[in-house]
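So the structure is just underneath, and the comments pick up after that.
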Amino acid sequence: MDPAATPDLPDPGEASHQEHVMTAEERAEYERLRRHAATRHRRLRQVGFSVLLLLALLLAPLAVAAAWVQDTVSDTDRYVDTVAPLASEPAVQEVVINRLTNRVVANVDVAAVTDSLSKALQESGASPRVVAGAESLEGPLRSAVRSVVDRTITRVITGDAFQQAWEGANRRSHAAVVNMLTGQREGALRAEGDTVQLDVGEVINEVRERLVDAGFDKAAAIPDSDRTITLFQAEELGKAQDTMRLLDILGTWLPVLTIALAALAVWTNPAHRVMVMITGIGVGVMMGVLLVALVVARRVYLDSVPPTALPTDAAAAIYDTFVRFLRDSARTLLVVAVITALVAYLYGPGRPARALRTVTDRGTMAAGRGLRHAGLRTGATGRWLTDHRAWTTGAVIAAGALALVLWNHPTVGGVVLVLGIALAVVIILAILAAAAGPAGHAGHRATERAAP
């Protein structure tokens with residue numbers, strides 16, 4: 001028998017390897033399940049990046065405030081920069097001058113001086129008119145004493161020596177802010193019940209020495225007690241202290257957490273550019289809310305301070321001095337958020353964005369042609385910049401962001417400066433890329449395609 005004529009026997013395992021052909025009903029069910037899974041996955045992603053964005057925006061103001069508290073407390077130079085302007089505030093100086101003058105004059109017994117003078121005149125046989133005139137000197141003498149004391153104290157308080165002494169005392173008692181927030185009774189700034197008080201003991205000592213040197217021996221009797229000036233008075237000081245303690249603890253990690261949440265929100269959204277723009281707008285809105293909250297808190301604070309405890313202008317100067325760095329940080333972050341949202345929009349397909357990019361490209365191309373006509377061709381470097389334009393632009397943006405991060409305390413002016421430098425670098429790179437020339441660029445492309 002011819003073996004070739006023998007029919008092939010079916011392989012028992014062959015049927016198991018054959019692909020199963022789905023029926024129309026199975027295909028429809030499969031597509032339905034896949035669409036359902038895709039829809040569920042898309043909804044989960046939408047919920048995920050929405051929650052991440054919401055958390056980042058809600059934590060943004062707290063992160064700025066926490067960083068401000070932690071920075072002010074931990075950095076001696078920053079703390080001194082915060083409180084130093086109080087020594088040169090006219091309203092605060094006026095309060096200190098008046099308080100010290102009243103205390104000095106209260107310790108000068110002018111009535112005893114005039115009584116002694118009247119007795120001496122009587123014993124010497126002076127006429128009754130002269131004795132009566134001596135007794136009437138109490139008012140003018142008291143006014144003269146007050147004038148001299150006020151002038152002496154004013155020279156001390158408004159002089160450079162007081163400014164230096166103030167900064168030195170605050171530098172040595174850097175823990176004063178911590179003491180105020182924790183309620184400890186140490187340092188120049190302390191909490192007493194529902195008030196925050198400033199210890200001016202060193203100032204009183206200097207004024208007392210100056211007055212004694214000027215001939216006012218009675219000034220040596222100025223008491224060491226009652227050496228504080230009430231700065232703040234609020235019923236919610238205890239709650240504020242608890243909140244500030246929490247912010248101090250989270251001062252390092254809360255900003256990091258906020259940035260991480262915002263980055264995750266952008267990463268989980270397929271439309272990264274749109275999410276960057278939304279995040280920038282949201283952060284800008286929250287910084288605006290923080291600035292408004294500072295204005296409202298200022299009004300509440302001024303209403304809570306009795307004029308008898310502290311004049312309104314002095315209280316306003318103290319509040320503005322203490323929160324100015326927080327206000328500056330909020331303004332800076334607001335500008336950064338607006339710039340980020342604007343950059344994200346300009347990279348999009350919007351008509352104004354495309355028009356601006358077209359105008360910019362035409363300008364850089366014209367400048368590049370001008371360089372070529374002047375004999376300044378960039379050659380291979382320009383062609384490389386053209387081929388890697390997205391990478392070079394991204395590197396410039398990343399360098400600008402890194403500069404702001406490494407900048408210890410960037411201001412609005414600093415942000416504008418970094419932005420201007422980054423734009424200038426991007427434009428210069430575009431001009432250098434255009435200076436390579438279209439012909440050279442085409443030849444370079446042809447060479448690359450011909451290469452094995």
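Ligands are numbered from 1 in the order shown, residues from 1 within each chain, and chains are lettered A, B, ... in the order they appear in the structure tokens.
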(message) Could you list, as number ranges by chain, every residue within 10 Å of stretch 265-271 of chain A, counting only C-alpha atoms and ignoring same-chain residues fewer than 2 positions away?
(response) A: 42, 45-46, 48-56, 259-263, 273-279
Print the selection's residues with C-alpha atoms to a file, as an mmCIF file, in the first residue's frame.
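That gives us again.cif:
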```
data_model
loop_
_atom_site.group_PDB
_atom_site.id
_atom_site.type_symbol
_atom_site.label_atom_id
_atom_site.label_comp_id
_atom_site.auth_asym_id
_atom_site.auth_seq_id
_atom_site.Cartn_x
_atom_site.Cartn_y
_atom_site.Cartn_z
ATOM 1 C CA ARG A 42 -13.038 56.932 32.740
ATOM 2 C CA ARG A 45 -10.273 58.702 36.651
ATOM 3 C CA GLN A 46 -12.519 61.764 36.542
ATOM 4 C CA GLY A 48 -9.843 60.689 41.085
ATOM 5 C CA PHE A 49 -8.304 63.799 39.534
ATOM 6 C CA SER A 50 -11.290 65.911 40.649
ATOM 7 C CA VAL A 51 -10.797 64.881 44.279
ATOM 8 C CA LEU A 52 -7.037 65.411 44.033
ATOM 9 C CA LEU A 53 -7.520 68.882 42.554
ATOM 10 C CA LEU A 54 -10.106 69.833 45.180
ATOM 11 C CA LEU A 55 -7.813 68.752 48.015
ATOM 12 C CA ALA A 56 -4.871 70.641 46.511
ATOM 13 C CA ILE A 259 2.211 70.243 45.392
ATOM 14 C CA ALA A 260 2.097 66.444 45.202
ATOM 15 C CA LEU A 261 -1.710 66.426 45.067
ATOM 16 C CA ALA A 262 -1.739 69.049 42.309
ATOM 17 C CA ALA A 263 0.868 67.091 40.314
ATOM 18 C CA ARG A 273 -2.410 70.888 29.418
ATOM 19 C CA VAL A 274 -6.031 71.665 30.257
ATOM 20 C CA MET A 275 -5.551 70.346 33.781
ATOM 21 C CA VAL A 276 -2.474 72.538 34.260
ATOM 22 C CA MET A 277 -4.521 75.541 33.183
ATOM 23 C CA ILE A 278 -7.399 74.619 35.530
ATOM 24 C CA THR A 279 -4.986 74.062 38.419
#
```
(message) Residues within 12 Å of A:Trp68, please, as a PyMOL selection string. Count only C-alpha atoms; anything in the same chain fewer than 3 positions from it doesn't count.
(response) chain A and resi 61-65+71-75+78-79+82+244+247-252+254-255+322-330+409
(request) Determine, counting only C-alpha atoms, which protein, DNA and RNA residues have an atom within 6 Å of an atom of stretch 378-393 of chain A; residues of the same chain fewer than 2 positions away are not included. Present the result as a PyMOL selection string. (result) chain A and resi 395-396+432-433+435-436+441
Could those residues be written to a file, using N, CA and C atoms, as a tab-separated table (two decimals), in the first residue's frame?
```
chain	number	residue	atom	x	y	z
A	395	ALA	N	13.18	72.70	28.74
A	395	ALA	CA	14.32	72.85	29.65
A	395	ALA	C	14.39	74.27	30.21
A	396	VAL	N	14.11	75.26	29.38
A	396	VAL	CA	14.12	76.65	29.85
A	396	VAL	C	13.03	76.87	30.87
A	432	LEU	N	18.33	81.69	16.92
A	432	LEU	CA	19.50	80.91	16.54
A	432	LEU	C	19.12	79.71	15.68
A	433	ALA	N	17.96	79.10	16.00
A	433	ALA	CA	17.50	77.99	15.18
A	433	ALA	C	17.14	78.47	13.78
A	435	ALA	N	18.44	80.94	12.23
A	435	ALA	CA	19.64	81.40	11.53
A	435	ALA	C	20.36	80.26	10.83
A	436	ALA	N	19.93	78.99	11.04
A	436	ALA	CA	20.57	77.88	10.35
A	436	ALA	C	20.23	77.88	8.86
A	441	HIS	N	18.98	73.08	6.59
A	441	HIS	CA	18.13	72.17	7.36
A	441	HIS	C	17.62	71.03	6.48
```
(request) Quick one: everything within 12 Å of stretch 401-406 of chain A, counting only C-alpha atoms, minus sequence neighbours fewer than 5 positions away in the same chain. Send it as a ChimeraX atom specification. (result) /A:256,259,332-333,336-337,339-340,394-396,411-419,421-422
Print the selection's residues with all heavy atoms to a file, as a CSV table (one decimal), in the first residue's frame.
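Saved the output as selection24.csv:
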```
chain,number,residue,atom,x,y,z
A,256,VAL,N,4.5,70.5,50.6
A,256,VAL,CA,4.9,69.3,49.8
A,256,VAL,C,3.7,68.5,49.4
A,256,VAL,O,3.5,68.1,48.3
A,256,VAL,CB,6.0,68.5,50.5
A,256,VAL,CG1,6.3,67.3,49.7
A,256,VAL,CG2,7.2,69.3,50.8
A,259,ILE,N,1.6,70.3,46.7
A,259,ILE,CA,2.2,70.2,45.4
A,259,ILE,C,2.1,68.8,44.8
A,259,ILE,O,1.8,68.7,43.6
A,259,ILE,CB,3.7,70.6,45.5
A,259,ILE,CG1,3.8,72.1,45.9
A,259,ILE,CG2,4.4,70.4,44.1
A,259,ILE,CD1,5.2,72.6,46.1
A,332,THR,N,2.7,86.6,45.4
A,332,THR,CA,3.7,86.0,44.5
A,332,THR,C,3.1,84.7,43.9
A,332,THR,O,3.2,84.5,42.7
A,332,THR,CB,5.0,85.7,45.3
A,332,THR,OG1,5.5,86.9,45.8
A,332,THR,CG2,6.0,85.0,44.4
A,333,LEU,N,2.5,83.9,44.8
A,333,LEU,CA,1.9,82.6,44.3
A,333,LEU,C,0.7,82.9,43.3
A,333,LEU,O,0.5,82.2,42.4
A,333,LEU,CB,1.4,81.8,45.5
A,333,LEU,CG,1.1,80.3,45.1
A,333,LEU,CD1,2.2,79.6,44.4
A,333,LEU,CD2,0.7,79.6,46.4
A,336,VAL,N,2.4,83.6,40.0
A,336,VAL,CA,2.9,82.4,39.5
A,336,VAL,C,1.7,81.6,38.9
A,336,VAL,O,1.8,81.0,37.8
A,336,VAL,CB,3.6,81.6,40.5
A,336,VAL,CG1,4.0,80.2,40.0
A,336,VAL,CG2,4.9,82.4,40.9
A,337,ALA,N,0.6,81.5,39.6
A,337,ALA,CA,-0.5,80.7,39.1
A,337,ALA,C,-1.1,81.3,37.8
A,337,ALA,O,-1.4,80.5,36.9
A,337,ALA,CB,-1.6,80.6,40.2
A,339,ILE,N,0.5,83.1,35.6
A,339,ILE,CA,1.5,82.9,34.5
A,339,ILE,C,1.4,81.4,34.1
A,339,ILE,O,1.4,81.1,32.9
A,339,ILE,CB,2.9,83.2,35.0
A,339,ILE,CG1,3.0,84.8,35.2
A,339,ILE,CG2,3.9,82.8,34.0
A,339,ILE,CD1,4.3,85.2,35.9
A,340,THR,N,1.3,80.5,35.0
A,340,THR,CA,1.2,79.1,34.6
A,340,THR,C,0.0,78.8,33.8
A,340,THR,O,0.0,78.1,32.7
A,340,THR,CB,1.2,78.2,35.9
A,340,THR,OG1,2.3,78.4,36.7
A,340,THR,CG2,1.1,76.7,35.5
A,394,GLY,N,11.1,73.3,26.9
A,394,GLY,CA,10.8,72.7,28.2
A,394,GLY,C,11.9,72.8,29.2
A,394,GLY,O,11.7,73.0,30.4
A,395,ALA,N,13.2,72.7,28.7
A,395,ALA,CA,14.3,72.9,29.7
A,395,ALA,C,14.4,74.3,30.2
A,395,ALA,O,14.7,74.5,31.4
A,395,ALA,CB,15.6,72.5,28.9
A,396,VAL,N,14.1,75.3,29.4
A,396,VAL,CA,14.1,76.6,29.8
A,396,VAL,C,13.0,76.9,30.9
A,396,VAL,O,13.3,77.5,31.9
A,396,VAL,CB,14.0,77.6,28.7
A,396,VAL,CG1,13.8,79.1,29.1
A,396,VAL,CG2,15.2,77.5,27.7
A,411,THR,N,9.7,87.2,45.3
A,411,THR,CA,8.7,88.3,45.3
A,411,THR,C,8.0,88.3,44.0
A,411,THR,O,8.4,87.6,43.0
A,411,THR,CB,9.3,89.6,45.7
A,411,THR,OG1,10.3,90.0,44.8
A,411,THR,CG2,9.9,89.5,47.1
A,412,VAL,N,7.0,89.2,43.8
A,412,VAL,CA,6.4,89.4,42.5
A,412,VAL,C,7.4,89.9,41.5
A,412,VAL,O,7.5,89.5,40.4
A,412,VAL,CB,5.2,90.4,42.7
A,412,VAL,CG1,4.6,90.7,41.3
A,412,VAL,CG2,4.1,89.8,43.6
A,413,GLY,N,8.3,90.8,42.0
A,413,GLY,CA,9.3,91.3,41.1
A,413,GLY,C,10.3,90.2,40.7
A,413,GLY,O,10.7,90.2,39.5
A,414,GLY,N,10.6,89.3,41.6
A,414,GLY,CA,11.5,88.2,41.3
A,414,GLY,C,10.8,87.3,40.2
A,414,GLY,O,11.5,86.8,39.3
A,415,VAL,N,9.5,87.0,40.4
A,415,VAL,CA,8.8,86.2,39.4
A,415,VAL,C,8.8,86.8,38.0
A,415,VAL,O,9.1,86.1,37.0
A,415,VAL,CB,7.4,85.9,39.9
A,415,VAL,CG1,6.6,85.2,38.8
A,415,VAL,CG2,7.4,85.1,41.2
A,416,VAL,N,8.6,88.1,38.0
A,416,VAL,CA,8.6,88.8,36.7
A,416,VAL,C,10.0,88.8,36.1
A,416,VAL,O,10.1,88.6,34.9
A,416,VAL,CB,8.1,90.3,36.9
A,416,VAL,CG1,8.3,91.1,35.6
A,416,VAL,CG2,6.6,90.3,37.3
A,417,LEU,N,11.0,88.9,36.9
A,417,LEU,CA,12.4,88.9,36.4
A,417,LEU,C,12.7,87.5,35.8
A,417,LEU,O,13.3,87.4,34.7
A,417,LEU,CB,13.4,89.2,37.5
A,417,LEU,CG,14.9,89.1,37.2
A,417,LEU,CD1,15.2,90.1,36.1
A,417,LEU,CD2,15.7,89.3,38.5
A,418,VAL,N,12.4,86.4,36.5
A,418,VAL,CA,12.6,85.1,36.0
A,418,VAL,C,11.8,84.8,34.7
A,418,VAL,O,12.4,84.2,33.8
A,418,VAL,CB,12.3,84.0,37.1
A,418,VAL,CG1,12.3,82.6,36.5
A,418,VAL,CG2,13.2,84.1,38.3
A,419,LEU,N,10.6,85.3,34.7
A,419,LEU,CA,9.8,85.1,33.5
A,419,LEU,C,10.4,85.9,32.3
A,419,LEU,O,10.5,85.3,31.2
A,419,LEU,CB,8.4,85.6,33.8
A,419,LEU,CG,7.4,85.6,32.6
A,419,LEU,CD1,7.2,84.2,32.1
A,419,LEU,CD2,6.1,86.3,32.9
A,421,ILE,N,13.5,86.6,31.8
A,421,ILE,CA,14.8,86.0,31.4
A,421,ILE,C,14.4,84.7,30.6
A,421,ILE,O,15.0,84.4,29.6
A,421,ILE,CB,15.6,85.6,32.6
A,421,ILE,CG1,16.2,86.9,33.3
A,421,ILE,CG2,16.8,84.7,32.2
A,421,ILE,CD1,16.9,86.7,34.6
A,422,ALA,N,13.4,83.9,31.1
A,422,ALA,CA,13.0,82.7,30.4
A,422,ALA,C,12.5,83.0,29.0
A,422,ALA,O,12.9,82.4,28.0
A,422,ALA,CB,12.0,82.0,31.2
```
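Across A:Ala315, A:Ala374, A:His272, A:Gly420, the tightest approach to A:Gly348 is made by A:His272 when counting only C-alpha atoms.
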(message) When you look at A:Arg362 with a cut-off of 12 Å (counting only C-alpha atoms), what residues show up, excluding the ones that are within fewer than 5 positions of it in the same chain? I need them as a ChimeraX atom specification.
(response) /A:355-357,367-369,427,430-431,434
(request) Write out as a ChimeraX atom specification the residues lying within 10 Å of A:Glu167, counting only C-alpha atoms and excluding same-chain residues fewer than 5 positions away. (result) /A:79-81,83-87,161-162,172-173
